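Novice: Sharing run.cif below, mmCIF, C-alpha atoms:
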```
data_model
#
loop_
_atom_site.group_PDB
_atom_site.id
_atom_site.type_symbol
_atom_site.label_atom_id
_atom_site.label_comp_id
_atom_site.auth_asym_id
_atom_site.auth_seq_id
_atom_site.Cartn_x
_atom_site.Cartn_y
_atom_site.Cartn_z
ATOM 1 C CA MET A 1 41.535 -75.749 -7.851
ATOM 2 C CA ASP A 2 38.068 -75.323 -6.364
ATOM 3 C CA MET A 3 37.708 -71.555 -5.972
ATOM 4 C CA PRO A 4 34.242 -71.619 -4.312
ATOM 5 C CA SER A 5 35.494 -73.894 -1.530
ATOM 6 C CA ILE A 6 38.652 -71.797 -1.101
ATOM 7 C CA TRP A 7 36.531 -68.635 -0.876
ATOM 8 C CA ARG A 8 34.349 -70.193 1.830
ATOM 9 C CA THR A 9 37.377 -70.903 4.028
ATOM 10 C CA LEU A 10 38.288 -67.204 4.184
ATOM 11 C CA ASP A 11 37.142 -64.878 6.940
ATOM 12 C CA GLY A 12 35.063 -61.815 6.171
ATOM 13 C CA GLY A 13 37.957 -59.392 6.543
ATOM 14 C CA THR A 14 40.084 -61.215 3.967
ATOM 15 C CA ARG A 15 37.166 -61.390 1.553
ATOM 16 C CA ARG A 16 36.571 -57.646 1.833
ATOM 17 C CA ALA A 17 40.272 -56.966 1.345
ATOM 18 C CA ILE A 18 40.341 -59.076 -1.814
ATOM 19 C CA VAL A 19 37.298 -57.259 -3.222
ATOM 20 C CA LEU A 20 38.757 -53.814 -2.470
ATOM 21 C CA VAL A 21 42.182 -54.620 -3.882
ATOM 22 C CA SER A 22 40.637 -56.182 -6.991
ATOM 23 C CA LEU A 23 38.570 -53.053 -7.560
ATOM 24 C CA ALA A 24 41.638 -50.835 -7.204
ATOM 25 C CA TYR A 25 43.618 -53.040 -9.584
ATOM 26 C CA THR A 26 40.807 -52.910 -12.137
ATOM 27 C CA LEU A 27 40.812 -49.111 -12.175
ATOM 28 C CA ILE A 28 44.601 -48.858 -12.417
ATOM 29 C CA ALA A 29 44.680 -51.561 -15.107
ATOM 30 C CA ALA A 30 42.130 -49.628 -17.164
ATOM 31 C CA SER A 31 44.346 -46.548 -16.974
ATOM 32 C CA PHE A 32 47.323 -48.629 -18.152
ATOM 33 C CA GLY A 33 45.414 -50.070 -21.103
ATOM 34 C CA ALA A 34 44.170 -46.626 -22.109
ATOM 35 C CA LEU A 35 47.634 -45.094 -21.718
ATOM 36 C CA ALA A 36 49.294 -47.780 -23.823
ATOM 37 C CA VAL A 37 46.828 -47.586 -26.712
ATOM 38 C CA SER A 38 46.477 -43.805 -26.701
ATOM 39 C CA GLY A 39 50.280 -43.595 -26.839
ATOM 40 C CA GLY A 40 50.346 -45.524 -30.098
ATOM 41 C CA LEU A 41 50.748 -49.185 -29.154
ATOM 42 C CA PRO A 42 48.538 -51.768 -30.883
ATOM 43 C CA LEU A 43 45.536 -53.004 -28.925
ATOM 44 C CA TRP A 44 46.985 -56.467 -28.396
ATOM 45 C CA VAL A 45 50.264 -55.297 -26.808
ATOM 46 C CA PRO A 46 48.984 -54.207 -23.361
ATOM 47 C CA ILE A 47 46.644 -57.216 -23.247
ATOM 48 C CA VAL A 48 49.370 -59.784 -23.996
ATOM 49 C CA MET A 49 51.805 -57.972 -21.690
ATOM 50 C CA SER A 50 49.322 -58.159 -18.820
ATOM 51 C CA LEU A 51 48.738 -61.870 -19.305
ATOM 52 C CA THR A 52 52.406 -62.826 -19.586
ATOM 53 C CA VAL A 53 54.155 -60.238 -17.382
ATOM 54 C CA PHE A 54 51.378 -59.403 -14.887
ATOM 55 C CA ALA A 55 53.302 -56.729 -13.016
ATOM 56 C CA GLY A 56 51.595 -53.366 -12.945
ATOM 57 C CA ALA A 57 54.527 -51.147 -11.981
ATOM 58 C CA SER A 58 56.821 -52.906 -14.448
ATOM 59 C CA GLN A 59 54.258 -52.585 -17.216
ATOM 60 C CA PHE A 60 53.906 -48.841 -16.622
ATOM 61 C CA ALA A 61 57.703 -48.454 -16.498
ATOM 62 C CA THR A 62 58.271 -50.460 -19.674
ATOM 63 C CA VAL A 63 55.679 -48.512 -21.648
ATOM 64 C CA GLY A 64 57.063 -45.239 -20.253
ATOM 65 C CA VAL A 65 60.568 -46.087 -21.466
ATOM 66 C CA VAL A 66 59.251 -46.974 -24.926
ATOM 67 C CA PHE A 67 57.239 -43.750 -25.175
ATOM 68 C CA ALA A 68 60.306 -41.767 -24.083
ATOM 69 C CA GLY A 69 62.269 -43.192 -27.018
ATOM 70 C CA GLY A 70 64.171 -45.917 -25.180
ATOM 71 C CA GLY A 71 65.045 -49.216 -26.785
ATOM 72 C CA PRO A 72 63.696 -52.677 -25.884
ATOM 73 C CA VAL A 73 66.717 -53.502 -23.701
ATOM 74 C CA ALA A 74 66.219 -50.381 -21.570
ATOM 75 C CA ALA A 75 62.498 -51.123 -21.298
ATOM 76 C CA VAL A 76 63.084 -54.695 -20.143
ATOM 77 C CA LEU A 77 65.738 -53.618 -17.640
ATOM 78 C CA ALA A 78 63.365 -51.055 -16.139
ATOM 79 C CA GLY A 79 60.761 -53.768 -15.662
ATOM 80 C CA LEU A 80 63.263 -56.192 -14.140
ATOM 81 C CA VAL A 81 64.514 -53.625 -11.627
ATOM 82 C CA LEU A 82 60.978 -52.924 -10.419
ATOM 83 C CA ASN A 83 60.056 -56.606 -10.279
ATOM 84 C CA ALA A 84 63.116 -57.440 -8.184
ATOM 85 C CA ARG A 85 61.188 -56.223 -5.144
ATOM 86 C CA LEU A 86 58.994 -59.334 -5.430
ATOM 87 C CA LEU A 87 61.901 -61.705 -4.749
ATOM 88 C CA PRO A 88 61.812 -61.342 -0.931
ATOM 89 C CA PHE A 89 58.011 -61.566 -1.090
ATOM 90 C CA GLY A 90 58.383 -64.916 -2.817
ATOM 91 C CA PHE A 91 60.632 -66.234 -0.051
ATOM 92 C CA ALA A 92 58.223 -65.013 2.646
ATOM 93 C CA LEU A 93 55.131 -66.551 1.014
ATOM 94 C CA ALA A 94 56.652 -69.665 -0.577
ATOM 95 C CA ASP A 95 54.750 -71.956 1.799
ATOM 96 C CA SER A 96 51.504 -70.699 0.242
ATOM 97 C CA PHE A 97 52.419 -71.751 -3.303
ATOM 98 C CA GLY A 98 52.005 -75.482 -2.770
ATOM 99 C CA SER A 99 54.525 -78.285 -3.228
ATOM 100 C CA ARG A 100 53.933 -79.250 -6.876
ATOM 101 C CA TRP A 101 56.165 -77.678 -9.515
ATOM 102 C CA TRP A 102 53.248 -76.306 -11.504
ATOM 103 C CA SER A 103 51.658 -74.693 -8.448
ATOM 104 C CA ARG A 104 54.951 -73.059 -7.490
ATOM 105 C CA LEU A 105 55.372 -71.783 -11.044
ATOM 106 C CA ALA A 106 51.813 -70.428 -11.090
ATOM 107 C CA GLY A 107 52.231 -68.917 -7.627
ATOM 108 C CA ALA A 108 55.400 -67.104 -8.663
ATOM 109 C CA HIS A 109 53.615 -65.685 -11.714
ATOM 110 C CA LEU A 110 50.594 -64.506 -9.686
ATOM 111 C CA LEU A 111 52.670 -62.985 -6.853
ATOM 112 C CA THR A 112 51.956 -59.284 -6.288
ATOM 113 C CA ASP A 113 52.491 -56.649 -3.613
ATOM 114 C CA ALA A 114 48.965 -57.327 -2.410
ATOM 115 C CA SER A 115 49.861 -60.977 -1.742
ATOM 116 C CA VAL A 116 51.672 -59.952 1.427
ATOM 117 C CA GLY A 117 48.603 -58.188 2.758
ATOM 118 C CA PHE A 118 46.381 -61.159 1.961
ATOM 119 C CA VAL A 119 48.610 -63.806 3.573
ATOM 120 C CA LEU A 120 50.529 -62.236 6.484
ATOM 121 C CA PRO A 121 47.566 -61.870 8.888
ATOM 122 C CA HIS A 122 47.093 -65.667 8.851
ATOM 123 C CA ARG A 123 49.137 -68.226 10.796
ATOM 124 C CA ASP A 124 47.310 -71.397 9.771
ATOM 125 C CA PRO A 125 48.954 -72.893 6.626
ATOM 126 C CA ALA A 126 45.611 -73.800 5.052
ATOM 127 C CA ARG A 127 44.261 -70.274 5.512
ATOM 128 C CA ARG A 128 47.489 -68.784 4.154
ATOM 129 C CA ARG A 129 47.193 -70.890 1.006
ATOM 130 C CA ALA A 130 43.518 -70.034 0.605
ATOM 131 C CA ALA A 131 44.168 -66.313 1.024
ATOM 132 C CA PHE A 132 47.055 -66.413 -1.432
ATOM 133 C CA TRP A 133 45.252 -68.251 -4.220
ATOM 134 C CA ALA A 134 41.860 -66.596 -3.828
ATOM 135 C CA GLY A 135 43.377 -63.131 -3.633
ATOM 136 C CA ASN A 136 45.857 -63.452 -6.452
ATOM 137 C CA ILE A 137 43.549 -65.236 -8.873
ATOM 138 C CA ALA A 138 40.953 -62.509 -8.281
ATOM 139 C CA VAL A 139 43.561 -59.806 -8.860
ATOM 140 C CA PHE A 140 44.860 -61.544 -12.004
ATOM 141 C CA LEU A 141 41.391 -61.772 -13.531
ATOM 142 C CA THR A 142 40.340 -58.229 -12.660
ATOM 143 C CA TRP A 143 43.674 -56.732 -13.723
ATOM 144 C CA ASN A 144 43.505 -58.308 -17.168
ATOM 145 C CA ALA A 145 39.843 -57.408 -17.572
ATOM 146 C CA GLY A 146 40.657 -53.805 -16.649
ATOM 147 C CA VAL A 147 43.536 -53.634 -19.120
ATOM 148 C CA ALA A 148 41.316 -54.942 -21.925
ATOM 149 C CA LEU A 149 38.586 -52.420 -21.123
ATOM 150 C CA GLY A 150 41.064 -49.556 -20.936
ATOM 151 C CA ALA A 151 42.746 -50.595 -24.179
ATOM 152 C CA VAL A 152 39.398 -50.685 -25.985
ATOM 153 C CA ALA A 153 38.509 -47.258 -24.557
ATOM 154 C CA GLY A 154 41.882 -45.879 -25.699
ATOM 155 C CA ASP A 155 41.767 -42.174 -26.412
ATOM 156 C CA ARG A 156 38.284 -41.845 -24.927
ATOM 157 C CA VAL A 157 39.851 -41.940 -21.437
ATOM 158 C CA ALA A 158 41.075 -38.419 -20.786
ATOM 159 C CA ASP A 159 43.562 -37.586 -18.034
ATOM 160 C CA THR A 160 44.020 -40.762 -15.983
ATOM 161 C CA ASP A 161 46.319 -38.959 -13.508
ATOM 162 C CA ALA A 162 43.458 -36.654 -12.535
ATOM 163 C CA LEU A 163 41.541 -39.637 -11.129
ATOM 164 C CA GLY A 164 44.117 -40.151 -8.370
ATOM 165 C CA LEU A 165 44.425 -43.869 -9.109
ATOM 166 C CA ASP A 166 48.126 -43.797 -8.286
ATOM 167 C CA ALA A 167 47.220 -43.275 -4.614
ATOM 168 C CA ALA A 168 44.331 -45.748 -4.389
ATOM 169 C CA LEU A 169 46.283 -49.000 -4.335
ATOM 170 C CA PRO A 170 49.038 -47.888 -1.905
ATOM 171 C CA ALA A 171 46.341 -46.703 0.508
ATOM 172 C CA ILE A 172 44.600 -50.084 0.377
ATOM 173 C CA LEU A 173 47.884 -51.984 0.787
ATOM 174 C CA ILE A 174 48.751 -49.918 3.882
ATOM 175 C CA ALA A 175 45.357 -50.775 5.344
ATOM 176 C CA LEU A 176 45.993 -54.480 4.673
ATOM 177 C CA VAL A 177 49.445 -54.570 6.259
ATOM 178 C CA LEU A 178 48.645 -52.313 9.218
ATOM 179 C CA PRO A 179 47.138 -55.092 11.413
ATOM 180 C CA THR A 180 50.357 -57.113 11.130
ATOM 181 C CA LEU A 181 52.312 -54.093 12.383
ATOM 182 C CA THR A 182 50.037 -53.334 15.324
ATOM 183 C CA SER A 183 49.825 -56.867 16.708
ATOM 184 C CA ARG A 184 51.339 -57.328 20.169
ATOM 185 C CA ASP A 185 53.055 -60.658 19.496
ATOM 186 C CA ALA A 186 56.777 -61.098 18.796
ATOM 187 C CA PRO A 187 56.467 -60.990 14.962
ATOM 188 C CA GLY A 188 54.476 -57.766 15.241
ATOM 189 C CA ARG A 189 57.134 -56.139 17.414
ATOM 190 C CA ALA A 190 59.848 -57.251 14.983
ATOM 191 C CA ARG A 191 57.997 -55.742 12.025
ATOM 192 C CA ARG A 192 57.502 -52.473 13.899
ATOM 193 C CA ARG A 193 61.266 -52.192 14.350
ATOM 194 C CA ALA A 194 62.006 -52.694 10.663
ATOM 195 C CA ALA A 195 59.056 -51.033 8.896
ATOM 196 C CA PRO A 196 59.707 -47.372 9.903
ATOM 197 C CA ALA A 197 63.406 -47.649 9.072
ATOM 198 C CA GLY A 198 62.686 -49.258 5.712
ATOM 199 C CA ALA A 199 60.062 -46.654 4.873
ATOM 200 C CA ALA A 200 62.425 -43.829 5.823
ATOM 201 C CA LEU A 201 65.160 -45.255 3.589
ATOM 202 C CA ALA A 202 62.774 -45.577 0.649
ATOM 203 C CA VAL A 203 61.361 -42.040 1.035
ATOM 204 C CA ALA A 204 64.791 -40.440 1.521
ATOM 205 C CA THR A 205 66.315 -42.078 -1.557
ATOM 206 C CA THR A 206 63.317 -41.728 -3.911
ATOM 207 C CA PRO A 207 64.520 -38.347 -5.305
ATOM 208 C CA LEU A 208 68.046 -39.728 -5.796
ATOM 209 C CA LEU A 209 67.591 -43.207 -7.290
ATOM 210 C CA PRO A 210 65.771 -44.632 -10.335
ATOM 211 C CA PRO A 211 62.236 -46.008 -9.766
ATOM 212 C CA GLY A 212 62.245 -49.393 -8.049
ATOM 213 C CA LEU A 213 65.622 -49.082 -6.321
ATOM 214 C CA PRO A 214 64.386 -47.223 -3.202
ATOM 215 C CA VAL A 215 62.013 -50.122 -2.482
ATOM 216 C CA LEU A 216 64.884 -52.582 -2.746
ATOM 217 C CA LEU A 217 67.068 -50.403 -0.530
ATOM 218 C CA ALA A 218 64.341 -50.500 2.146
ATOM 219 C CA LEU A 219 65.170 -54.198 2.586
ATOM 220 C CA ALA A 220 68.348 -53.089 4.372
ATOM 221 C CA ALA A 221 66.145 -52.584 7.441
ATOM 222 C CA LEU A 222 65.298 -56.302 7.658
ATOM 223 C CA PRO A 223 68.133 -57.121 10.117
ATOM 224 C CA LEU A 224 66.285 -54.946 12.654
ATOM 225 C CA THR A 225 63.710 -57.730 12.960
ATOM 226 C CA LEU A 226 66.420 -59.846 14.633
ATOM 227 C CA LEU A 227 66.907 -57.376 17.476
ATOM 228 C CA GLY A 228 65.031 -57.497 20.751
ATOM 229 C CA PRO A 229 64.278 -60.338 23.150
ATOM 230 C CA ARG A 230 64.081 -63.882 21.863
ATOM 231 C CA THR A 231 60.949 -65.839 22.618
ATOM 232 C CA GLY A 232 60.276 -69.506 22.873
ATOM 233 C CA ARG A 233 63.663 -70.426 24.389
ATOM 234 C CA ASN A 234 64.612 -71.430 27.864
ATOM 235 C CA ALA A 235 66.888 -69.086 29.784
#
```
Represent the structure of the file as structure tokens.

Specialist:
Amino acid sequence: MDMPSIWRTLDGGTRRAIVLVSLAYTLIAASFGALAVSGGLPLWVPIVMSLTVFAGASQFATVGVVFAGGGPVAAVLAGLVLNARLLPFGFALADSFGSRWWSRLAGAHLLTDASVGFVLPHRDPARRRAAFWAGNIAVFLTWNAGVALGAVAGDRVADTDALGLDAALPAILIALVLPTLTSRDAPGRARRRAAPAGAALAVATTPLLPPGLPVLLALAALPLTLLGPRTGRNA
């Protein structure tokens, strides 16, 4: 995979988005590495977890369960519940993975929340693939580098919550997805019908359900994309 040529096919907006998201992931990854090691885990655990699991929210949840005294089964289940939100993302972006089995396997492993923001603004299949691979490879590399740096820093990183890193990535992801919601074409109108309802469901159920489930419940708003006038058909 020729990354320089893929990078050159991207427009300036996508490149800037990839850089910003990668920076945010690096900072959050460093906080995860520091949290894991300062909590008593060996240095290699957060590093290996990041390489093999590569799912930030699930990694935080798994470590949180372990630190709270939960067993390995409970920790794995917490991670699986949070990662279930990526299943519909995989269906939506499957055309960007490629047709070979190894590329589909690699694409599924690299899939993140940011993938949607990288790919959705593009209609051309070649640009969608370029945005997916360039963005997710950059995020994978910076995430793992950040985890390693944070793990080495360990106890020397003080209060990671005080840095406000938990709000940095969501803010960037909203900025990435916003253009797809404000477009005037039929897909944009369909997303505008579903997005507010899904967000309302997630916010309303967050105090009531375990972490990860409100995001999955927001998918109940997807049928709203089917409402409204049909385009492209003869009367």

Novice: Just the number, please: distance in Å from CA of Ile28 (chain A) to CA of Leu201 (chain A), one decimal.

Specialist: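 CA of Leu201 (chain A) lies at a distance of 26.3 Å from CA of Ile28 (chain A).
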
Novice: Can you spell out as a ChimeraX atom specification the set of residues that the PyMOL selection byres ((chain A and resi 102-110) around 12) selects in the structure I just provided?

Specialist: /A:1,50-56,83,86-101,111-115,129,132-141,143

Novice: What does the distance from CA of Gly13 (chain A) to CA of Arg123 (chain A) come to in Å, to one decimal?

Specialist: 14.9 Å

Novice: Could you jot down the CA of Phe67 (chain A) to CA of Val21 (chain A) separation for me, Å, one decimal place?

Specialist: 28.3 Å

Novice: Can you tell me, as a list in words, which residues sit within 6 Å of (39.3, -68.2, 0.7) in the file's frame, using all atoms listed in the file?

Specialist: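 Output: Ile6, Trp7, Arg8, Thr9, Leu10, Ala130, Ala131 and Ala134 of chain A.
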
Novice: From the options A:Val63, A:Ala24, A:Ala126, A:Ala29, which residue's atoms come nearest to Gly146 (chain A), counting all atoms listed in the file?

Specialist: A:Ala29

Novice: Show me, as a ChimeraX atom specification, the residues that have an atom within 9 Å of Val147 (chain A) when counting all atoms listed in the file, minus same-chain residues fewer than 4 positions from it.

Specialist: /A:26-34,46-47,50,142-143,151-152
